[in-house]
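Chemist: Attaching a single structure in structure tokens format; questions to follow.
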Amino acid sequence: MAFVPHGALIATDAWRAPAADNARSEWSAYARTTAGLHFAPYNQINRDNVSQLKPVWTLRTGDTGPGDDQNTPLQIGNTLYSCTRNNRIIAIDADSGQPRWKFDPKVNAPMWQRCRGLGFYRSPDKAADAAAVVPEAGINADATKAAPTPAICRERIIQTTLDARLIALDAGTGQPCPGFGQNGMVDLQAGMGPVKPGFYFQTSAPLVARDRVVVGGWVLDNRERGEPSGVIRAFDVNTDALLWAWDLGNPAITALPPEGQTYTRGTPNMWTTAAYDDALGLVYVPLGNATPDYFGMGRPPGAEDYNASLVALDITTGRERWKFQTVHHDIWDYDLASQPALVDLADGTPAVLQATKRGQLFLLNRATGVLLAEVAEKPVPQNGAVPEERLSPTQPYSVGMPTIGAMRLDETKMWGMTLFDQLICRIQFRQLRYDGDFTPIGLQRAIQQPGNLGGLNWGSVSVDSHNQMAYVTDIRIPSRYRLIPRNRFNDPAAKDSNGHSGASPQLGTPYAADSFMWMSPLGVPCAQPPYGTLTAVDLATRKIAWQVPAGTAEQLGPLGIRLHLPMPIGMPTYGGNIVTAGGLVFFAGTQDYYLRAYDAATGRELWKHPLPVGSSATPMTYISPQTGRQYIVVSAGGAAYSREVGDYVIAFALDPAKPQ
């Protein structure tokens with residue numbers, strides 16, 4: 001059965017071709033626009049000719065680590081902008097793949113090195129020069145009041161770094177923008193109070209909206225109480241002025257804290273990318289947890305109301321318009337990792353679709369926060385937590401939308417490469433505490449399903465609004481976790497923990513914690529496949545249209561020994577997917593080393609091409625303004641948890657000499 005696709009649901013072809021536009025355009029944000037849709041209106045590459053897609057250029061960035069390459073390049077005019085795992089920026093000719101300029105901010109980061117994306121800003125006077133480019137919805141619209149900008153920085157690449165800096169570079173030359181901070185750089189640790197190395201920084205793309213840059217930050221999970229604040233800030237993209245700050249623990253602070261004070265420490269943070277609707281003037285902020293994740297008592301003011309919540313902020317003032325919480329009193333690390341997707345429903349309703357690590361999809365009116373799909377409060381387990389903990393009696397379930405990959409486990413779902421490791425997993429299942437969704441963490445080892453990786457993570461969703469279809473990738477590996485009384489905790493490795501896997505000290509609480517992916521002794525997940533899928537969700541019917549396993553076990557095997565057997569069992573997915581008007585979904589973030597194209601209507605795999613190493617990045621696509629040729633580009637720096645790393649940016653295109 002290992003060679004039979006698990007969990008596959010293939011649909012009939014009911015796809016309607018969207019109106020395509022292969023004219024000059026741009027990919028100017030992580031998801032192409034700030035709406036977070038990952039949709040490209042190009043059909044030059046389509047379902048009929050994608051089998052002819054070939055690599056046409058490869059660039060080596062020179063950055064092979066440490067860290068993970070998760071970058072989605074930007075495309076502005078005939079230049080791509082790629083950011084490496086250690087924040088080096090390379091401007092690349094869109095047709096030849098040759099570098100035009102490089103910039104190295106020389107970051108020094110002790111852990112979690114990655115750069116998922118950059119931001120872009122075009123000043124109004126430059127926008128007039130580039131009038132041939134059709135403006136993207138929500139991209140720098142209504143920026144007529146922006147301050148005059150030097151000619152060298154009328155187009156700016158905006159970067160946030162692993163050592164908490166905000167940088168503005170001239171898009172044409174890579175030179176730091178004069179008048180912006182100190183030599184083009186702003187210190188994002190200002191107002192934070194003491195920040196230990198590696199305890200606050202940025203990995204996801206900043207949001208550029210109108211004439212401002214909106215930033216959050218990543219904090220080091222589960223190390224200690226009172227880590228740096230989760231404050232959200234907006235800076236003037238031209239002058240670096242702090243325009244507003246939203247401190248959920250102290251809303252009275254609207255800019256820098258008063259002398260001698262800091263932003264409220266330890267509040268829920270936004271480590272992923274926000275979305276933005278220019279017509280409504282709203283920024284959509286997906287929040288994580290007040291650290292530490294696994295013990296909820298004693299959190300700072302406001303945290304209980306905002307953990308794992310989607311918040312809409314006014315772009316002008318930074319004040320809250322509405323919020324919606326996806327987990328109450330979160331002690332499971334179910335922070336919101338996905339960028340919200342701003343989709344207009346078939347009846348014209350402005351909606352926001354928020355994917356979660358729980359596999360839940362929440363659909364709300366993005367103007368008001370009113371639910372558009374039913375959510376029910378359901379009772380959840382109340383036994384097994386430590387005595388000091390308080391549990392929410394209910395949790396919100398998006399019953400009006402499908403749930404992706406969050407099946408309840410039982411002994412029959414235990415799996416293994418052999419009968420022996422399957423037996424061990426079955427024995428462990430009986431030994432571990434498990435009461436279904438929201439099994440509390442406690443002193444006895446317990447199963448967390450979905451695990452703290454998800455569900456649906458930072459790669460986010462793609463949406464074809466014309467067909468009212470959303471495409472999501474998920475991870476299906478349960479975790480096993482527990483709390484450890486402080487007087488029994490003595491793990492020297494915990495002092496270097498990144499807070500995501502292994503032991504974490506949770507200083508300032510009565511308990512340390514440990515959390516691991518639940519694997520058999522052979523290194524195979526204990527739950528049955530698939531371990532990751534690509535799923536199409538019909539937003540009109542609110543049902544799954546199709547679902548297919550994502551990737552094979554070709555590069556994997558027990559004890560780390562490759563079997564070279566392309567078993568289509570579906571592997572954990574990292575990074576996101578994109579969808580095009582050509583009826584194609586492109587995805588590369590599996591543990592085998594391929595970029596794939598799927599039929600957007602049916603889920604059938606139409607094309608794949610081997611990569612030199614795996615990829616953990618979301619692809620992108622563009623039409624060259626010089627040649628009119630459509631390219632598909634992906635960063636290949638290594639699959640998640642793979643020891644094989646690389647530094648590749650690879651472009652694919654059709655042969656222009658052949659009729660399409």
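Following the order of the structure tokens, first chain is A, next is B, and so on, with residues numbered from 1 inside each chain and ligands from 1 in the order they appear.
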Quick one: residues within 6 Å of Leu584 (chain A), only C-alpha atoms, excluding same-chain residues fewer than 2 positions away - as number ranges by chain?
Modeler: A: 579-580, 582, 598-600
Chemist: Within 8 Å of region 528-545 of chain A, counting only C-alpha atoms, which residues qualify if same-chain residues fewer than 5 places away don't, as a PyMOL selection string?
Modeler: chain A and resi 6-7+9-11+345-346+400-402+404+413-416+468-477+550+569-573+600+603
Chemist: Could you go through region 421-638 of chain A and tell me which residues DSSP, when run on the backbone, assigns to strand (DSSP E or B), listing them as a PyMOL selection string?
Modeler: chain A and resi 433+446-448+451+454+462-464+469-473+479-485+502-504+507+511-517+519+525+527+533-538+543-549+578-580+584-587+594-599+605-610+620-623+630-636
Chemist: So, with only C-alpha atoms as the atoms that count, which of A:Ala190, A:Ala209, A:Val399, A:Val107 lies closest to Asp163 (chain A)?
Modeler: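 Comparing A:Ala190, A:Ala209, A:Val399, A:Val107 against Asp163 (chain A), the winner is A:Val107.
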Chemist: For a quick check of understanding, using only C-alpha atoms, which of A:Arg116, A:Arg562, A:Lys323, A:Arg366 has the smallest distance to Pro286 (chain A)?
Modeler: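 When distances to Pro286 (chain A) are compared using only C-alpha atoms, the smallest one comes from A:Lys323.
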Chemist: Extract, using only C-alpha atoms, all DNA, RNA and protein residues at most 8 Å from Pro66 (chain A), discarding same-chain residues fewer than 4 positions from it, and format them as a PyMOL selection string.
Modeler: chain A and resi 85-86+113
Chemist: Tell me which protein, DNA and RNA residues are within 7 Å of Thr264 (chain A), counting only C-alpha atoms, leaving out same-chain ones fewer than 4 positions away, and put them as a PyMOL selection string.
Modeler: chain A and resi 229+247+249-250
Chemist: Determine, counting only C-alpha atoms, which protein, DNA and RNA residues have an atom within 9 Å of an atom of Asn22 (chain A); residues of the same chain fewer than 3 positions away are not included. Present the result as a list in words.
Modeler: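 Contacts, with the query itself left out: Ser25, Pro41, Tyr42, Asn43, Gln44, Tyr622, Ile623, Gly628, Arg629 and Gln630 of chain A.
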Chemist: Those same residues - all heavy atoms - I'd like them written as a compact mmCIF listing (two decimals), in the first residue's frame.
Modeler:
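Output file out_15.txt is given in full below:
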```txt
# COMPACT_ATOMS: atom_id res chain seq x y z
N SER A 25 3.61 43.42 -15.85
CA SER A 25 3.07 43.49 -14.50
C SER A 25 4.20 43.25 -13.52
O SER A 25 5.37 43.17 -13.92
CB SER A 25 1.95 42.47 -14.32
OG SER A 25 1.34 42.60 -13.06
N PRO A 41 -2.18 36.46 -13.01
CA PRO A 41 -3.17 36.47 -14.10
C PRO A 41 -2.56 36.09 -15.44
O PRO A 41 -3.00 36.59 -16.49
CB PRO A 41 -3.63 37.93 -14.11
CG PRO A 41 -2.43 38.70 -13.69
CD PRO A 41 -1.72 37.83 -12.68
N TYR A 42 -1.56 35.20 -15.44
CA TYR A 42 -0.87 34.83 -16.67
C TYR A 42 -1.29 33.43 -17.12
O TYR A 42 -1.43 32.52 -16.30
CB TYR A 42 0.65 34.83 -16.46
CG TYR A 42 1.19 36.01 -15.70
CD1 TYR A 42 2.14 35.84 -14.69
CD2 TYR A 42 0.76 37.31 -15.96
CE1 TYR A 42 2.64 36.90 -13.97
CE2 TYR A 42 1.26 38.38 -15.25
CZ TYR A 42 2.19 38.18 -14.25
OH TYR A 42 2.69 39.23 -13.54
N ASN A 43 -1.45 33.26 -18.43
CA ASN A 43 -1.79 31.93 -18.96
C ASN A 43 -0.90 31.52 -20.13
O ASN A 43 -1.24 30.61 -20.88
CB ASN A 43 -3.26 31.84 -19.36
CG ASN A 43 -3.59 32.72 -20.56
OD1 ASN A 43 -2.75 33.49 -21.03
ND2 ASN A 43 -4.81 32.60 -21.06
N GLN A 44 0.23 32.23 -20.29
CA GLN A 44 1.15 31.81 -21.34
C GLN A 44 1.61 30.37 -21.10
O GLN A 44 1.68 29.56 -22.01
CB GLN A 44 2.35 32.77 -21.36
CG GLN A 44 3.32 32.54 -22.50
CD GLN A 44 4.51 33.47 -22.42
OE1 GLN A 44 5.64 33.04 -22.26
NE2 GLN A 44 4.26 34.77 -22.50
N TYR A 622 6.32 35.54 -13.36
CA TYR A 622 6.25 36.88 -13.91
C TYR A 622 6.34 36.83 -15.42
O TYR A 622 6.77 35.82 -16.01
CB TYR A 622 7.36 37.78 -13.35
CG TYR A 622 8.76 37.30 -13.67
CD1 TYR A 622 9.47 37.77 -14.76
CD2 TYR A 622 9.38 36.36 -12.84
CE1 TYR A 622 10.75 37.32 -15.05
CE2 TYR A 622 10.66 35.90 -13.12
CZ TYR A 622 11.34 36.38 -14.22
OH TYR A 622 12.61 35.93 -14.51
N ILE A 623 5.93 37.92 -16.05
CA ILE A 623 6.10 38.13 -17.49
C ILE A 623 7.23 39.15 -17.68
O ILE A 623 7.16 40.26 -17.14
CB ILE A 623 4.82 38.67 -18.14
CG1 ILE A 623 3.68 37.66 -17.99
CG2 ILE A 623 5.07 39.01 -19.61
CD1 ILE A 623 3.77 36.44 -18.86
N GLY A 628 8.51 39.51 -23.03
CA GLY A 628 7.14 39.01 -23.00
C GLY A 628 7.04 37.55 -22.62
O GLY A 628 5.97 36.94 -22.75
N ARG A 629 8.09 36.98 -22.11
CA ARG A 629 8.14 35.56 -21.78
C ARG A 629 7.74 35.33 -20.32
O ARG A 629 8.16 36.08 -19.43
CB ARG A 629 9.57 35.07 -22.01
CG ARG A 629 9.77 33.57 -22.13
CD ARG A 629 11.25 33.29 -22.41
NE ARG A 629 11.51 31.89 -22.68
CZ ARG A 629 12.73 31.36 -22.76
NH1 ARG A 629 13.79 32.15 -22.61
NH2 ARG A 629 12.90 30.07 -23.00
N GLN A 630 6.93 34.30 -20.06
CA GLN A 630 6.55 33.98 -18.69
C GLN A 630 7.57 33.03 -18.07
O GLN A 630 7.98 32.05 -18.68
CB GLN A 630 5.16 33.35 -18.61
CG GLN A 630 4.71 33.08 -17.17
CD GLN A 630 3.35 32.41 -17.07
OE1 GLN A 630 2.65 32.23 -18.06
NE2 GLN A 630 2.98 32.03 -15.85
```
Chemist: Measuring between only C-alpha atoms, which one of A:Leu595, A:Ser460, A:Pro450, A:Met567 shows the shortest distance to Ala527 (chain A)?
Modeler: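 Looking at the shortest contact to Ala527 (chain A), the residue is A:Pro450.
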